[in-house]
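**Student:** Okay, handing you the structure first.
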Amino acid sequence: MKNKKTYYQIILDKSGSMYDCILTTVQGFNEQIQMIKKTSKKFPKQELLVSLTTFNEEIDFDIEAERAGLIPEMTSEFEKNEYRGKIPYYPSGTTSLYDAIGLSVRKIQQLAKEEIERDEASVVVVIITDGHENSSSEFTYNQIQHMIKNLENSGNWTFSYLSNTPDAVNYAQSMNIKRENAMRYDKTVMRSTHSNLSHSIDGYMSSKERYLKEWKLKNNNK
């Protein structure tokens, strides 16, 4: 069992329509990171690297493959543009969803394509948005649909899609994201949404841990 590393990629909408849940989004993200830190300590034999992409009409790579213990908090409180080492989150603008997905995947592939193909690492991509695409310039719907299908079929990539739109689940399926990994969330309880994500990654790493133990037992008995 070589696959002890997980790249956990969060793609978070910060377009203008997210403004009405800015506080709960920031609180939820910070609480999720605290829980991820606990998860990392819970599974010391595994390596969990976290990335965060935030997007409106622009794409920002706020965190790139960082260990949980080194991730700063997020903030929406700006003082003369000095964030004091925290991740700024202030929603505005339009929604370049496809560019955010495509560019985030490209970054992971540039960093870890070979180790993923050698089954030394796997990737979990979580997309959180509250609306539909309306401003991407580099990637199209068809490109993202094809990209996700190929990566999911490889066995080492898992995509999840969370949206506030009524068609969230159907839209995710149309992009080749599995139905069980898609949900419509309530913007008034964004902290709960992030908490659920934390439990999901804990469960994912628990599954890896069980597989590792079974693999060791099987090979030791040969």
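Labels for the structure tokens follow display order: chains A, B, ..., residues from 1 in each chain, ligands from 1.
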Find the nearest atom pair between each residue of segment 44-162 of chain A and segment 2-26 of chain A for residues within 7 Å, count only C-alpha atoms, give distances in Å to one decimal, sort rows by chain and ascending number, and present the table as a Markdown table.
**Tutor:**
| residue | atom | partner | partner_atom | distance |
| --- | --- | --- | --- | --- |
| A:Gln46 | CA | A:Lys4 | CA | 4.8 |
| A:Glu47 | CA | A:Lys5 | CA | 4.6 |
| A:Leu48 | CA | A:Thr6 | CA | 4.9 |
| A:Leu49 | CA | A:Tyr7 | CA | 4.9 |
| A:Val50 | CA | A:Tyr8 | CA | 4.8 |
| A:Ser51 | CA | A:Gln9 | CA | 4.7 |
| A:Leu52 | CA | A:Ile10 | CA | 4.8 |
| A:Thr53 | CA | A:Ile11 | CA | 4.8 |
| A:Thr54 | CA | A:Leu12 | CA | 4.7 |
| A:Phe55 | CA | A:Asp13 | CA | 5.2 |
| A:Asn56 | CA | A:Ser15 | CA | 4.4 |
| A:Ala65 | CA | A:Tyr7 | CA | 6.8 |
| A:Met74 | CA | A:Val26 | CA | 5.9 |
| A:Thr75 | CA | A:Val26 | CA | 6.3 |
| A:Tyr90 | CA | A:Lys14 | CA | 6.8 |
| A:Pro91 | CA | A:Lys14 | CA | 4.4 |
| A:Ser92 | CA | A:Gly16 | CA | 3.6 |
| A:Gly93 | CA | A:Ser15 | CA | 4.9 |
| A:Thr94 | CA | A:Ser15 | CA | 5.2 |
| A:Thr95 | CA | A:Ser15 | CA | 5.7 |
| A:Ala100 | CA | A:Ile11 | CA | 6.9 |
| A:Asp119 | CA | A:Asn3 | CA | 5.6 |
| A:Glu120 | CA | A:Asn3 | CA | 4.0 |
| A:Ala121 | CA | A:Lys5 | CA | 4.6 |
| A:Ser122 | CA | A:Thr6 | CA | 5.0 |
| A:Val123 | CA | A:Tyr7 | CA | 4.7 |
| A:Val124 | CA | A:Tyr8 | CA | 4.9 |
| A:Val125 | CA | A:Gln9 | CA | 4.7 |
| A:Val126 | CA | A:Ile10 | CA | 4.9 |
| A:Ile127 | CA | A:Ile11 | CA | 4.7 |
| A:Ile128 | CA | A:Leu12 | CA | 5.0 |
| A:Thr129 | CA | A:Asp13 | CA | 4.8 |
| A:Asp130 | CA | A:Met18 | CA | 6.8 |
**Student:** Give the strand (DSSP E) residues of segment 3-222 of chain A, as DSSP finds them on the backbone, and put them as a PyMOL selection string.
**Tutor:** chain A and resi 5-13+47-55+59-67+74-75+87-88+121-129+157-163+182-184
**Student:** Report the distance between atom CA of Glu133 of chain A and atom CA of Ser96 of chain A in Å, rounded to one decimal place.
**Tutor:**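 Spanning atom CA of Glu133 of chain A to atom CA of Ser96 of chain A is a straight-line distance of 5.7 Å.
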**Student:** Please run DSSP on the backbone and report, as a PyMOL selection string, all residues within segment 78-204 of chain A that come out as alpha helix (DSSP H).
**Tutor:** chain A and resi 97-117+141-154+168-174+190-204
**Student:** I'd like the neighbourhood of His146 of chain A as a list of chain:residue names, where a residue qualifies if any of its atoms comes within 12 Å (using only C-alpha atoms), though same-chain residues fewer than 2 positions away should be ignored.
**Tutor:**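 Result of the neighbour search: A:Tyr98, A:Gly102, A:Phe139, A:Thr140, A:Tyr141, A:Asn142, A:Gln143, A:Ile144, A:Ile148, A:Lys149, A:Asn150, A:Leu151, A:Glu152, A:Asn153, A:Ser174, A:Met175, A:Asn176, A:Ile177.
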**Student:** For the selection you just gave me, I'd like the residues written to a file as a short mmCIF file (atom, residue, chain, number, x, y, z; two decimals), in the first residue's frame, keeping all heavy atoms.
**Tutor:**
data_model
loop_
_atom_site.label_atom_id
_atom_site.label_comp_id
_atom_site.auth_asym_id
_atom_site.auth_seq_id
_atom_site.Cartn_x
_atom_site.Cartn_y
_atom_site.Cartn_z
N TYR A 98 -15.88 27.37 -13.92
CA TYR A 98 -15.12 26.42 -14.73
C TYR A 98 -13.62 26.71 -14.68
O TYR A 98 -12.81 25.77 -14.60
CB TYR A 98 -15.60 26.44 -16.19
CG TYR A 98 -17.06 26.12 -16.37
CD1 TYR A 98 -17.79 26.65 -17.44
CD2 TYR A 98 -17.74 25.30 -15.46
CE1 TYR A 98 -19.13 26.36 -17.61
CE2 TYR A 98 -19.09 25.01 -15.62
CZ TYR A 98 -19.78 25.55 -16.70
OH TYR A 98 -21.11 25.27 -16.87
N GLY A 102 -10.86 24.05 -13.40
CA GLY A 102 -9.82 23.66 -14.35
C GLY A 102 -8.42 24.05 -13.91
O GLY A 102 -7.48 23.25 -13.98
N PHE A 139 -11.76 27.85 -19.54
CA PHE A 139 -12.35 26.52 -19.60
C PHE A 139 -13.84 26.60 -19.90
O PHE A 139 -14.53 27.51 -19.44
CB PHE A 139 -12.14 25.76 -18.29
CG PHE A 139 -10.72 25.35 -18.03
CD1 PHE A 139 -9.83 26.24 -17.42
CD2 PHE A 139 -10.26 24.10 -18.40
CE1 PHE A 139 -8.52 25.87 -17.17
CE2 PHE A 139 -8.94 23.72 -18.17
CZ PHE A 139 -8.07 24.60 -17.56
N THR A 140 -14.33 25.62 -20.65
CA THR A 140 -15.75 25.53 -20.98
C THR A 140 -16.40 24.40 -20.18
O THR A 140 -15.72 23.56 -19.58
CB THR A 140 -15.95 25.25 -22.47
OG1 THR A 140 -15.42 23.93 -22.77
CG2 THR A 140 -15.24 26.30 -23.33
N TYR A 141 -17.72 24.37 -20.23
CA TYR A 141 -18.47 23.30 -19.57
C TYR A 141 -18.03 21.93 -20.09
O TYR A 141 -17.78 21.00 -19.31
CB TYR A 141 -19.96 23.51 -19.81
CG TYR A 141 -20.83 22.33 -19.43
CD1 TYR A 141 -21.19 22.11 -18.11
CD2 TYR A 141 -21.29 21.44 -20.40
CE1 TYR A 141 -21.98 21.03 -17.75
CE2 TYR A 141 -22.08 20.36 -20.06
CZ TYR A 141 -22.43 20.16 -18.74
OH TYR A 141 -23.21 19.09 -18.39
N ASN A 142 -17.93 21.79 -21.40
CA ASN A 142 -17.55 20.50 -21.99
C ASN A 142 -16.15 20.07 -21.56
O ASN A 142 -15.91 18.88 -21.32
CB ASN A 142 -17.62 20.57 -23.52
CG ASN A 142 -19.05 20.61 -24.02
OD1 ASN A 142 -19.97 20.15 -23.34
ND2 ASN A 142 -19.25 21.14 -25.21
N GLN A 143 -15.23 21.01 -21.45
CA GLN A 143 -13.88 20.67 -21.02
C GLN A 143 -13.87 20.18 -19.57
O GLN A 143 -13.19 19.21 -19.24
CB GLN A 143 -12.96 21.89 -21.16
CG GLN A 143 -12.60 22.24 -22.60
CD GLN A 143 -11.79 23.51 -22.69
OE1 GLN A 143 -12.14 24.54 -22.09
NE2 GLN A 143 -10.70 23.47 -23.45
N ILE A 144 -14.60 20.85 -18.71
CA ILE A 144 -14.66 20.46 -17.29
C ILE A 144 -15.37 19.12 -17.15
O ILE A 144 -14.93 18.25 -16.38
CB ILE A 144 -15.37 21.55 -16.46
CG1 ILE A 144 -14.55 22.84 -16.46
CG2 ILE A 144 -15.61 21.06 -15.03
CD1 ILE A 144 -13.13 22.68 -15.93
N ILE A 148 -13.41 15.94 -15.48
CA ILE A 148 -13.87 15.26 -14.27
C ILE A 148 -14.13 13.78 -14.55
O ILE A 148 -13.79 12.91 -13.75
CB ILE A 148 -15.13 15.95 -13.71
CG1 ILE A 148 -14.76 17.34 -13.15
CG2 ILE A 148 -15.78 15.10 -12.61
CD1 ILE A 148 -15.95 18.15 -12.69
N LYS A 149 -14.73 13.47 -15.70
CA LYS A 149 -15.00 12.08 -16.05
C LYS A 149 -13.72 11.26 -16.10
O LYS A 149 -13.64 10.17 -15.52
CB LYS A 149 -15.72 12.02 -17.40
CG LYS A 149 -16.07 10.60 -17.84
CD LYS A 149 -16.80 10.59 -19.16
CE LYS A 149 -17.16 9.17 -19.59
NZ LYS A 149 -17.90 9.15 -20.87
N ASN A 150 -12.71 11.78 -16.77
CA ASN A 150 -11.44 11.06 -16.90
C ASN A 150 -10.76 10.87 -15.55
O ASN A 150 -10.21 9.80 -15.26
CB ASN A 150 -10.51 11.80 -17.87
CG ASN A 150 -10.94 11.65 -19.31
OD1 ASN A 150 -11.70 10.75 -19.67
ND2 ASN A 150 -10.46 12.55 -20.17
N LEU A 151 -10.77 11.92 -14.73
CA LEU A 151 -10.09 11.83 -13.44
C LEU A 151 -10.82 10.90 -12.49
O LEU A 151 -10.20 10.11 -11.77
CB LEU A 151 -9.94 13.23 -12.84
CG LEU A 151 -8.99 14.17 -13.60
CD1 LEU A 151 -9.04 15.56 -13.01
CD2 LEU A 151 -7.57 13.63 -13.61
N GLU A 152 -12.15 10.98 -12.44
CA GLU A 152 -12.93 10.06 -11.59
C GLU A 152 -12.70 8.62 -12.01
O GLU A 152 -12.56 7.72 -11.17
CB GLU A 152 -14.42 10.41 -11.68
CG GLU A 152 -14.85 11.61 -10.85
CD GLU A 152 -15.20 11.23 -9.42
OE1 GLU A 152 -15.01 10.06 -9.04
OE2 GLU A 152 -15.64 12.12 -8.68
N ASN A 153 -12.64 8.38 -13.30
CA ASN A 153 -12.44 7.01 -13.80
C ASN A 153 -11.05 6.46 -13.48
O ASN A 153 -10.84 5.25 -13.50
CB ASN A 153 -12.67 6.96 -15.32
CG ASN A 153 -14.14 7.09 -15.68
OD1 ASN A 153 -15.02 6.87 -14.84
ND2 ASN A 153 -14.42 7.44 -16.92
N SER A 174 -24.42 16.22 -14.21
CA SER A 174 -24.16 16.56 -15.61
C SER A 174 -22.68 16.83 -15.86
O SER A 174 -22.21 16.71 -16.99
CB SER A 174 -25.00 17.78 -16.02
OG SER A 174 -24.44 18.99 -15.53
N MET A 175 -21.95 17.19 -14.79
CA MET A 175 -20.50 17.41 -14.90
C MET A 175 -19.70 16.15 -14.57
O MET A 175 -18.50 16.20 -14.40
CB MET A 175 -20.06 18.57 -14.00
CG MET A 175 -20.50 19.94 -14.45
SD MET A 175 -19.57 21.27 -13.64
CE MET A 175 -20.10 21.06 -11.93
N ASN A 176 -20.42 15.04 -14.42
CA ASN A 176 -19.82 13.73 -14.13
C ASN A 176 -19.32 13.58 -12.70
O ASN A 176 -18.42 12.78 -12.42
CB ASN A 176 -18.68 13.42 -15.13
CG ASN A 176 -19.21 13.19 -16.53
OD1 ASN A 176 -20.15 12.43 -16.73
ND2 ASN A 176 -18.63 13.88 -17.51
N ILE A 177 -19.94 14.34 -11.79
CA ILE A 177 -19.70 14.16 -10.36
C ILE A 177 -20.77 13.20 -9.84
O ILE A 177 -21.96 13.34 -10.15
CB ILE A 177 -19.76 15.50 -9.61
CG1 ILE A 177 -18.61 16.41 -10.09
CG2 ILE A 177 -19.68 15.30 -8.10
CD1 ILE A 177 -18.67 17.82 -9.55
#
**Student:** Closest to Asn164 of chain A among A:Arg118, A:Lys178, A:Thr193, A:Arg84, using only C-alpha atoms?
**Tutor:** A:Thr193
